[in-house]
Amino acid sequence: MKKLIVTILILLTISIIAFVSCEKEEVDYRIKWAGTYMCQKESKNSIQNVLLNVLLADGDSLLYVKEKKENVPPGSGYKYIDIKVKVDPYGDMWYVSGINALSYNFRGSFTGDSIYVRYNLLLGHNLKTITLYKGQKIKDCYE
(Lines give C-alpha, C1' and ligand atoms only; values in the text may rest on other atoms or scores of the structure.)
Protein backbone atom coordinates (compact mmCIF):
# COMPACT_ATOMS: atom_id res chain seq x y z
CA MET A 1 0.00 0.00 0.00
CA LYS A 2 2.85 2.38 0.84
CA LYS A 3 4.44 1.64 -2.53
CA LEU A 4 1.20 2.49 -4.33
CA ILE A 5 0.83 5.82 -2.50
CA VAL A 6 4.47 6.75 -3.16
CA THR A 7 4.10 5.79 -6.85
CA ILE A 8 0.92 7.88 -7.15
CA LEU A 9 2.63 10.86 -5.49
CA ILE A 10 5.64 10.56 -7.79
CA LEU A 11 3.42 10.36 -10.90
CA LEU A 12 1.33 13.29 -9.68
CA THR A 13 4.46 15.38 -9.06
CA ILE A 14 5.87 14.54 -12.49
CA SER A 15 2.54 15.42 -14.14
CA ILE A 16 2.39 18.79 -12.38
CA ILE A 17 5.98 19.63 -13.30
CA ALA A 18 5.38 18.64 -16.94
CA PHE A 19 2.18 20.70 -17.13
CA VAL A 20 3.75 23.82 -15.59
CA SER A 21 6.86 23.65 -17.76
CA CYS A 22 4.76 23.34 -20.94
CA GLU A 23 2.76 26.52 -20.37
CA LYS A 24 3.57 29.11 -23.02
CA GLU A 25 4.64 32.56 -21.95
CA GLU A 26 2.03 35.07 -23.08
CA VAL A 27 3.39 37.44 -25.74
CA ASP A 28 2.02 40.97 -26.00
CA TYR A 29 0.28 41.15 -29.39
CA ARG A 30 1.02 44.89 -29.70
CA ILE A 31 4.78 44.37 -30.07
CA LYS A 32 4.49 43.43 -33.75
CA TRP A 33 3.15 46.92 -34.57
CA ALA A 34 5.59 48.98 -32.47
CA GLY A 35 8.16 50.78 -34.60
CA THR A 36 8.75 53.64 -36.99
CA TYR A 37 6.66 53.97 -40.14
CA MET A 38 7.47 56.00 -43.25
CA CYS A 39 4.10 57.42 -44.29
CA GLN A 40 2.55 59.53 -46.95
CA LYS A 41 0.41 62.15 -45.19
CA GLU A 42 -2.45 63.46 -47.31
CA SER A 43 -4.57 66.42 -46.29
CA LYS A 44 -6.75 68.88 -48.18
CA ASN A 45 -4.02 70.79 -49.99
CA SER A 46 -0.86 68.77 -49.47
CA ILE A 47 0.91 65.44 -49.64
CA GLN A 48 4.13 64.96 -47.70
CA ASN A 49 6.31 62.17 -46.36
CA VAL A 50 6.40 61.91 -42.57
CA LEU A 51 7.53 59.48 -39.89
CA LEU A 52 5.09 58.00 -37.37
CA ASN A 53 6.37 56.40 -34.17
CA VAL A 54 4.21 53.65 -32.68
CA LEU A 55 5.11 52.69 -29.09
CA LEU A 56 3.58 50.48 -26.42
CA ALA A 57 1.59 52.60 -23.97
CA ASP A 58 0.82 51.82 -20.36
CA GLY A 59 -2.46 50.00 -20.07
CA ASP A 60 -4.12 47.02 -21.64
CA SER A 61 -4.18 47.06 -25.46
CA LEU A 62 -2.95 50.67 -25.80
CA LEU A 63 -0.46 52.10 -28.30
CA TYR A 64 1.00 55.60 -28.51
CA VAL A 65 1.02 56.94 -32.08
CA LYS A 66 2.97 60.13 -32.62
CA GLU A 67 4.16 62.00 -35.67
CA LYS A 68 7.80 63.03 -35.37
CA LYS A 69 7.83 66.71 -34.40
CA GLU A 70 10.50 67.66 -36.94
CA ASN A 71 7.86 66.91 -39.60
CA VAL A 72 5.41 69.41 -38.11
CA PRO A 73 5.67 72.95 -39.52
CA PRO A 74 5.56 75.84 -37.02
CA GLY A 75 2.07 77.18 -36.35
CA SER A 76 0.33 73.96 -37.38
CA GLY A 77 -1.36 73.60 -33.99
CA TYR A 78 -2.93 70.16 -33.59
CA LYS A 79 -2.72 69.14 -37.23
CA TYR A 80 -0.55 66.14 -36.46
CA ILE A 81 -0.99 62.86 -34.59
CA ASP A 82 0.01 62.70 -30.91
CA ILE A 83 -2.44 60.26 -29.39
CA LYS A 84 -3.01 57.09 -27.35
CA VAL A 85 -5.09 54.53 -29.18
CA LYS A 86 -6.72 51.26 -28.29
CA VAL A 87 -5.80 48.41 -30.62
CA ASP A 88 -7.42 44.99 -30.86
CA PRO A 89 -5.55 41.75 -31.72
CA TYR A 90 -6.59 42.13 -35.39
CA GLY A 91 -4.87 45.52 -35.80
CA ASP A 92 -7.90 47.82 -35.73
CA MET A 93 -7.34 50.95 -33.63
CA TRP A 94 -9.33 53.91 -32.35
CA TYR A 95 -8.52 56.87 -30.11
CA VAL A 96 -8.47 56.85 -26.32
CA SER A 97 -6.72 60.05 -25.30
CA GLY A 98 -4.16 62.58 -26.46
CA ILE A 99 -3.68 66.19 -27.38
CA ASN A 100 -7.14 67.62 -28.02
CA ALA A 101 -8.50 64.03 -28.13
CA LEU A 102 -12.13 65.14 -27.80
CA SER A 103 -11.82 66.82 -31.19
CA TYR A 104 -10.50 63.69 -32.95
CA ASN A 105 -12.47 61.24 -35.01
CA PHE A 106 -9.62 58.74 -35.32
CA ARG A 107 -9.65 55.30 -36.98
CA GLY A 108 -6.74 53.22 -38.15
CA SER A 109 -5.49 49.74 -38.84
CA PHE A 110 -2.38 47.66 -39.26
CA THR A 111 -2.00 45.08 -42.02
CA GLY A 112 1.26 43.17 -41.92
CA ASP A 113 3.96 45.85 -41.81
CA SER A 114 1.65 48.61 -43.09
CA ILE A 115 -0.29 51.29 -41.23
CA TYR A 116 -3.36 53.21 -42.34
CA VAL A 117 -4.83 56.10 -40.34
CA ARG A 118 -7.73 58.42 -41.09
CA TYR A 119 -8.66 61.17 -38.72
CA ASN A 120 -10.89 64.18 -38.75
CA LEU A 121 -9.85 67.11 -36.62
CA LEU A 122 -12.93 69.08 -35.64
CA LEU A 123 -12.02 72.76 -35.84
CA GLY A 124 -15.38 74.37 -35.18
CA HIS A 125 -19.02 74.03 -36.01
CA ASN A 126 -19.19 71.58 -38.97
CA LEU A 127 -15.63 72.42 -40.01
CA LYS A 128 -13.09 69.61 -40.05
CA THR A 129 -9.76 68.66 -41.52
CA ILE A 130 -9.43 65.14 -42.89
CA THR A 131 -5.93 63.68 -42.86
CA LEU A 132 -4.81 60.28 -44.13
CA TYR A 133 -1.59 58.46 -43.27
CA LYS A 134 -0.51 55.40 -45.29
CA GLY A 135 2.85 53.82 -44.73
CA GLN A 136 5.26 50.96 -44.24
CA LYS A 137 7.28 49.99 -41.19
CA ILE A 138 10.95 50.88 -41.59
CA LYS A 139 12.18 50.04 -38.09
CA ASP A 140 11.06 47.74 -35.26
CA CYS A 141 11.19 49.03 -31.69
CA TYR A 142 11.51 45.62 -30.03
CA GLU A 143 13.90 43.41 -31.95
# chains A, B, ... in the order shown; residues from 1 in each chain; ligands from 1

call {"tool": "residues_around", "arguments": {"residues": "Lys134 of chain A", "least_positions_apart": "4", "cutoff": "7 Å", "atoms": "only C-alpha atoms", "output": "list in words"}}
result
Cys39, Gln40, Lys41, Ile115, Tyr116 and Val117 of chain A

call {"tool": "write_last_selection", "arguments": {"atoms": "N, CA and C atoms", "output": "PDB file, in the first residue's frame"}}
result
ATOM      1  N   CYS A  39       5.470  57.250 -43.797  1.00  0.00           N
ATOM      2  CA  CYS A  39       4.103  57.419 -44.286  1.00  0.00           C
ATOM      3  C   CYS A  39       3.976  58.561 -45.274  1.00  0.00           C
ATOM      4  N   GLN A  40       2.982  58.431 -46.110  1.00  0.00           N
ATOM      5  CA  GLN A  40       2.554  59.533 -46.946  1.00  0.00           C
ATOM      6  C   GLN A  40       1.351  60.151 -46.236  1.00  0.00           C
ATOM      7  N   LYS A  41       1.465  61.422 -45.896  1.00  0.00           N
ATOM      8  CA  LYS A  41       0.408  62.149 -45.187  1.00  0.00           C
ATOM      9  C   LYS A  41      -0.330  63.009 -46.207  1.00  0.00           C
ATOM     10  N   ILE A 115       0.624  50.554 -42.105  1.00  0.00           N
ATOM     11  CA  ILE A 115      -0.287  51.286 -41.227  1.00  0.00           C
ATOM     12  C   ILE A 115      -1.166  52.174 -42.098  1.00  0.00           C
ATOM     13  N   TYR A 116      -2.419  52.317 -41.671  1.00  0.00           N
ATOM     14  CA  TYR A 116      -3.358  53.206 -42.337  1.00  0.00           C
ATOM     15  C   TYR A 116      -4.115  53.956 -41.247  1.00  0.00           C
ATOM     16  N   VAL A 117      -4.138  55.273 -41.328  1.00  0.00           N
ATOM     17  CA  VAL A 117      -4.827  56.097 -40.338  1.00  0.00           C
ATOM     18  C   VAL A 117      -5.653  57.149 -41.076  1.00  0.00           C
TER      19      VAL A 117
END

call {"tool": "residues_around", "arguments": {"residues": "Ile130 of chain A", "least_positions_apart": "4", "cutoff": "8 Å", "atoms": "only C-alpha atoms", "output": "JSON, numbers by chain"}}
result
{"A": [43, 44, 118, 119, 120, 121]}

call {"tool": "write_last_selection", "arguments": {"atoms": "N, CA and C atoms", "output": "short mmCIF file (atom, residue, chain, number, x, y, z; two decimals), in the first residue's frame"}}
result
data_model
loop_
_atom_site.label_atom_id
_atom_site.label_comp_id
_atom_site.auth_asym_id
_atom_site.auth_seq_id
_atom_site.Cartn_x
_atom_site.Cartn_y
_atom_site.Cartn_z
N SER A 43 -3.51 65.56 -46.83
CA SER A 43 -4.57 66.42 -46.29
C SER A 43 -5.13 67.24 -47.44
N LYS A 44 -6.00 68.15 -47.15
CA LYS A 44 -6.75 68.88 -48.18
C LYS A 44 -5.87 69.42 -49.31
N ARG A 118 -6.87 57.34 -40.60
CA ARG A 118 -7.73 58.42 -41.09
C ARG A 118 -8.26 59.14 -39.87
N TYR A 119 -8.05 60.44 -39.83
CA TYR A 119 -8.66 61.17 -38.72
C TYR A 119 -9.20 62.50 -39.19
N ASN A 120 -10.26 62.88 -38.54
CA ASN A 120 -10.89 64.18 -38.75
C ASN A 120 -10.59 65.01 -37.52
N LEU A 121 -10.07 66.18 -37.72
CA LEU A 121 -9.85 67.11 -36.62
C LEU A 121 -10.95 68.15 -36.68
#

call {"tool": "closest_residue", "arguments": {"among": "A:Leu4, A:Ala57, A:Ala34, A:Val27", "to": "Gly91 of chain A", "atoms": "only C-alpha atoms"}}
result
A:Ala34
